[in-house]
Amino acid sequence: MKKYTLFLNGRGGEYYLFPLNQEQKEKISCLDLKNPDYETILDILDVSDVMDAKESHMGAFYDSELFTILVFNEGDNENILWESPEDFVFEDDDYSELYKTDCLIVEDYIKGSFFTFEFECEEFDSKKLTPIVINLGNSEIITSFKYDGKDLSETKEYYDYWSKGFSYFLT
């Protein structure tokens with residue numbers, strides 16, 4: 001068996017979900033969510049930071065023009081074994097919808113290298129790679145992978161990415 005490291009890079013989002021009571025929903029619906037005052041949002045949500053959300057999800061946008069997958073032999077992050085082409089299409093996906101009502105979704109638009117995964121197999125075959133995708137209503141993101149049916153989530157390590165700004169969505 002050979003050991004491999006997979007990197008998921010590109011553009012994506014980190015999503016913080018805040019269930020709202022009726023009073024919070026009314027206050028937030030009166031705001032200009034295209035350009036809200038951040039402190040006002042925090043006050044309404046009664047949190048000190050959006051990262052205080054009880055539920056969050058992060059990943060690359062599920063659009064092959066916006067992500068790149070790199071696979072390396074373990075320990076050799078210099079020589080790319082496989083790189084996903086810009087028009088790459090997965091054979092299959094593990095797709096779930098996560099629609100919330102009465103919820104404020106705070107999207108932190110991010111860019112960079114989101115995750116790494118480790119796995120073993122005889123020879124890497126991109127056709128055996130399956131993304132785990134969540135549809136949040138306004139975005140679809142790759143949150144993890146399966147390889148040849150085996151979930152790689154347990155090997156997921158967060159890597160290096162940075163924020164490009166927040167967007168707000170009321171459901």
# chains A, B, ... in the order shown; residues from 1 in each chain; ligands from 1
$ select_by_dssp --residues "range 64-158 of chain A" --states "strand (DSSP E or B)" --output "PyMOL selection string"
chain A and resi 67-73+80-83+94-97+103-121+129-135+140-147+150-151+157-158
$ residues_around --residues "Val133 in chain A" --least-positions-apart "4" --cutoff "8 Å" --atoms "only C-alpha atoms" --output "list of chain:residue names"
A:Tyr62, A:Asp93, A:Asp94, A:Tyr95, A:Ser96, A:Glu140, A:Ile141, A:Ile142, A:Thr143, A:Ser144
$ write_last_selection --atoms "N, CA and C atoms" --output "mmCIF file, in the first residue's frame"
data_model
loop_
_atom_site.group_PDB
_atom_site.id
_atom_site.type_symbol
_atom_site.label_atom_id
_atom_site.label_comp_id
_atom_site.auth_asym_id
_atom_site.auth_seq_id
_atom_site.Cartn_x
_atom_site.Cartn_y
_atom_site.Cartn_z
ATOM 1 N N TYR A 62 -18.215 24.092 -4.646
ATOM 2 C CA TYR A 62 -18.344 22.881 -5.476
ATOM 3 C C TYR A 62 -18.488 23.292 -6.942
ATOM 4 N N ASP A 93 -20.914 11.989 -6.051
ATOM 5 C CA ASP A 93 -20.707 12.827 -4.878
ATOM 6 C C ASP A 93 -21.617 12.352 -3.758
ATOM 7 N N ASP A 94 -21.249 12.700 -2.535
ATOM 8 C CA ASP A 94 -22.058 12.436 -1.346
ATOM 9 C C ASP A 94 -22.664 13.784 -0.985
ATOM 10 N N TYR A 95 -23.902 14.010 -1.425
ATOM 11 C CA TYR A 95 -24.522 15.328 -1.432
ATOM 12 C C TYR A 95 -25.633 15.391 -0.397
ATOM 13 N N SER A 96 -25.619 16.434 0.426
ATOM 14 C CA SER A 96 -26.723 16.637 1.364
ATOM 15 C C SER A 96 -27.122 18.109 1.370
ATOM 16 N N GLU A 140 -22.876 25.705 -2.358
ATOM 17 C CA GLU A 140 -22.535 24.296 -2.228
ATOM 18 C C GLU A 140 -21.036 24.231 -1.962
ATOM 19 N N ILE A 141 -20.660 23.516 -0.896
ATOM 20 C CA ILE A 141 -19.246 23.440 -0.534
ATOM 21 C C ILE A 141 -18.810 21.996 -0.320
ATOM 22 N N ILE A 142 -17.556 21.738 -0.687
ATOM 23 C CA ILE A 142 -16.923 20.438 -0.424
ATOM 24 C C ILE A 142 -16.342 20.509 0.978
ATOM 25 N N THR A 143 -16.831 19.656 1.877
ATOM 26 C CA THR A 143 -16.371 19.675 3.266
ATOM 27 C C THR A 143 -15.411 18.538 3.589
ATOM 28 N N SER A 144 -15.385 17.511 2.733
ATOM 29 C CA SER A 144 -14.500 16.369 2.963
ATOM 30 C C SER A 144 -14.508 15.495 1.704
#
$ closest_atom_pairs --of "range 90-153 of chain A" --to "range 45-48 of chain A" --cutoff "12 Å" --atoms "only C-alpha atoms" --output "Markdown table"
| residue | atom | partner | partner_atom | distance |
| --- | --- | --- | --- | --- |
| A:Cys103 | CA | A:Leu45 | CA | 10.6 |
| A:Leu104 | CA | A:Leu45 | CA | 9.1 |
| A:Ile105 | CA | A:Leu45 | CA | 11.5 |
| A:Val106 | CA | A:Leu45 | CA | 11.4 |
$ write_last_selection --atoms "C-alpha atoms" --output "mmCIF file, in the first residue's frame"
data_model
loop_
_atom_site.group_PDB
_atom_site.id
_atom_site.type_symbol
_atom_site.label_atom_id
_atom_site.label_comp_id
_atom_site.auth_asym_id
_atom_site.auth_seq_id
_atom_site.Cartn_x
_atom_site.Cartn_y
_atom_site.Cartn_z
ATOM 1 C CA CYS A 103 -31.626 31.551 10.512
ATOM 2 C CA LEU A 104 -28.915 34.100 9.814
ATOM 3 C CA ILE A 105 -26.089 32.602 7.783
ATOM 4 C CA VAL A 106 -22.834 34.523 7.964
#
$ select_by_dssp --residues "range 5-134 of chain A" --states "helix (DSSP H, G or I)" --output "mmCIF file with N, CA and C atoms, in the first residue's frame"
data_model
loop_
_atom_site.group_PDB
_atom_site.id
_atom_site.type_symbol
_atom_site.label_atom_id
_atom_site.label_comp_id
_atom_site.auth_asym_id
_atom_site.auth_seq_id
_atom_site.Cartn_x
_atom_site.Cartn_y
_atom_site.Cartn_z
ATOM 1 N N GLN A 22 -38.077 35.168 17.000
ATOM 2 C CA GLN A 22 -38.877 36.125 16.225
ATOM 3 C C GLN A 22 -38.358 37.556 16.370
ATOM 4 N N GLU A 23 -37.981 37.944 17.585
ATOM 5 C CA GLU A 23 -37.484 39.310 17.812
ATOM 6 C C GLU A 23 -36.181 39.549 17.042
ATOM 7 N N GLN A 24 -35.263 38.601 17.090
ATOM 8 C CA GLN A 24 -34.001 38.735 16.360
ATOM 9 C C GLN A 24 -34.251 38.810 14.858
ATOM 10 N N LYS A 25 -35.161 37.978 14.360
ATOM 11 C CA LYS A 25 -35.451 37.968 12.924
ATOM 12 C C LYS A 25 -36.014 39.308 12.478
ATOM 13 N N GLU A 26 -36.900 39.884 13.281
ATOM 14 C CA GLU A 26 -37.482 41.193 12.945
ATOM 15 C C GLU A 26 -36.408 42.277 12.911
ATOM 16 N N LYS A 27 -35.518 42.278 13.908
ATOM 17 C CA LYS A 27 -34.448 43.282 13.949
ATOM 18 C C LYS A 27 -33.496 43.126 12.757
ATOM 19 N N ILE A 28 -33.119 41.908 12.460
ATOM 20 C CA ILE A 28 -32.179 41.686 11.364
ATOM 21 C C ILE A 28 -32.823 41.981 10.014
ATOM 22 N N SER A 29 -34.106 41.689 9.880
ATOM 23 C CA SER A 29 -34.782 41.951 8.595
ATOM 24 C C SER A 29 -34.877 43.446 8.298
ATOM 25 N N TYR A 38 -21.351 45.481 11.679
ATOM 26 C CA TYR A 38 -20.952 44.207 12.288
ATOM 27 C C TYR A 38 -21.320 44.158 13.773
ATOM 28 N N GLU A 39 -21.062 45.233 14.502
ATOM 29 C CA GLU A 39 -21.357 45.268 15.943
ATOM 30 C C GLU A 39 -22.858 45.154 16.200
ATOM 31 N N THR A 40 -23.668 45.736 15.343
ATOM 32 C CA THR A 40 -25.125 45.626 15.484
ATOM 33 C C THR A 40 -25.563 44.181 15.318
ATOM 34 N N ILE A 41 -24.997 43.495 14.319
ATOM 35 C CA ILE A 41 -25.304 42.068 14.107
ATOM 36 C C ILE A 41 -24.936 41.265 15.356
ATOM 37 N N LEU A 42 -23.750 41.498 15.888
ATOM 38 C CA LEU A 42 -23.304 40.772 17.083
ATOM 39 C C LEU A 42 -24.224 41.037 18.275
ATOM 40 N N ASP A 43 -24.639 42.296 18.438
ATOM 41 C CA ASP A 43 -25.542 42.636 19.538
ATOM 42 C C ASP A 43 -26.880 41.904 19.408
ATOM 43 N N ILE A 44 -27.430 41.878 18.215
ATOM 44 C CA ILE A 44 -28.717 41.194 17.993
ATOM 45 C C ILE A 44 -28.575 39.700 18.263
ATOM 46 N N LEU A 45 -27.461 39.122 17.836
ATOM 47 C CA LEU A 45 -27.237 37.681 18.028
ATOM 48 C C LEU A 45 -26.798 37.347 19.458
ATOM 49 N N VAL A 50 -18.709 36.200 15.355
ATOM 50 C CA VAL A 50 -19.485 35.240 14.552
ATOM 51 C C VAL A 50 -18.968 33.823 14.738
ATOM 52 N N MET A 51 -17.713 33.685 15.120
ATOM 53 C CA MET A 51 -17.158 32.351 15.331
ATOM 54 C C MET A 51 -17.745 31.668 16.568
ATOM 55 N N ASP A 52 -18.589 32.389 17.314
ATOM 56 C CA ASP A 52 -19.265 31.808 18.473
ATOM 57 C C ASP A 52 -20.497 30.998 18.081
ATOM 58 N N SER A 126 -8.195 8.964 -9.600
ATOM 59 C CA SER A 126 -9.102 10.083 -9.345
ATOM 60 C C SER A 126 -10.570 9.678 -9.472
ATOM 61 N N LYS A 127 -10.868 8.623 -10.210
ATOM 62 C CA LYS A 127 -12.255 8.170 -10.366
ATOM 63 C C LYS A 127 -12.813 7.601 -9.067
ATOM 64 N N LYS A 128 -11.940 7.268 -8.114
ATOM 65 C CA LYS A 128 -12.376 6.718 -6.828
ATOM 66 C C LYS A 128 -12.558 7.803 -5.769
#
$ closest_residue --among "A:Met58, A:Val89, A:Ile110, A:Leu129" --to "Gly165 in chain A" --atoms "only C-alpha atoms"
A:Ile110
$ atom_distance --atom1 "CA of Glu120 in chain A" --atom2 "CA of Glu65 in chain A"
27.2 Å
$ closest_residue --among "A:Glu14, A:Glu74, A:Glu55, A:Glu122" --to "Tyr161 in chain A" --atoms "only C-alpha atoms"
A:Glu14
$ closest_residue --among "A:Gly137, A:Pro131, A:Gly149, A:Gly75" --to "Leu98 in chain A" --atoms "only C-alpha atoms"
A:Gly137
$ atom_distance --atom1 "CA of Tyr99 in chain A" --atom2 "CA of Asp160 in chain A"
28.1 Å
$ residues_around --residues "Ile69 in chain A" --least-positions-apart "3" --cutoff "9 Å" --atoms "only C-alpha atoms" --output "mmCIF file with C-alpha atoms, in the first residue's frame"
data_model
loop_
_atom_site.group_PDB
_atom_site.id
_atom_site.type_symbol
_atom_site.label_atom_id
_atom_site.label_comp_id
_atom_site.auth_asym_id
_atom_site.auth_seq_id
_atom_site.Cartn_x
_atom_site.Cartn_y
_atom_site.Cartn_z
ATOM 1 C CA LEU A 6 -4.528 15.263 -0.746
ATOM 2 C CA PHE A 7 -4.804 19.067 -0.593
ATOM 3 C CA LEU A 8 -8.061 20.959 -1.283
ATOM 4 C CA ASN A 9 -7.288 24.506 -2.473
ATOM 5 C CA GLY A 10 -9.190 27.388 -4.023
ATOM 6 C CA TRP A 82 -2.176 14.386 -9.700
ATOM 7 C CA GLU A 83 -3.861 17.778 -10.101
ATOM 8 C CA SER A 84 -7.549 18.196 -10.851
ATOM 9 C CA PRO A 85 -8.118 19.894 -14.215
#
$ closest_residue --among "A:Asn73, A:Ser139, A:Ser153, A:Ser64" --to "Glu107 in chain A" --atoms "only C-alpha atoms"
A:Ser139
$ residues_around --residues "Tyr4 in chain A" --least-positions-apart "3" --cutoff "12 Å" --atoms "only C-alpha atoms" --output "list in words"
Met1, Phe7, Leu70, Val71, Phe72, Asn73, Glu74, Gly75, Asp76, Asn77, Asn79, Ile80, Leu81, Trp82, Thr116, Phe117, Glu118, Phe119, Glu120, Cys121, Glu122, Glu123, Phe124, Asp125, Tyr147, Leu152 and Thr155 of chain A
$ residues_around --residues "Asn35 in chain A" --least-positions-apart "4" --cutoff "10 Å" --atoms "only C-alpha atoms" --output "list of chain:residue names"
A:Leu31, A:Phe166, A:Ser167, A:Tyr168
$ atom_distance --atom1 "CA of Ser113 in chain A" --atom2 "CA of Leu136 in chain A"
20.9 Å
$ closest_atom_pairs --of "range 35-86 of chain A" --to "range 15-20 of chain A" --cutoff "6 Å" --atoms "only C-alpha atoms" --output "JSON lines"
{"residue": "A:Ala53", "atom": "CA", "partner": "A:Tyr16", "partner_atom": "CA", "distance": 5.7}
{"residue": "A:Glu55", "atom": "CA", "partner": "A:Leu17", "partner_atom": "CA", "distance": 5.5}
{"residue": "A:Ser56", "atom": "CA", "partner": "A:Tyr16", "partner_atom": "CA", "distance": 4.5}
{"residue": "A:His57", "atom": "CA", "partner": "A:Tyr15", "partner_atom": "CA", "distance": 5.2}
$ closest_residue --among "A:Leu170, A:Ile132, A:Lys34, A:Phe90" --to "Lys146 in chain A" --atoms "only C-alpha atoms"
A:Ile132
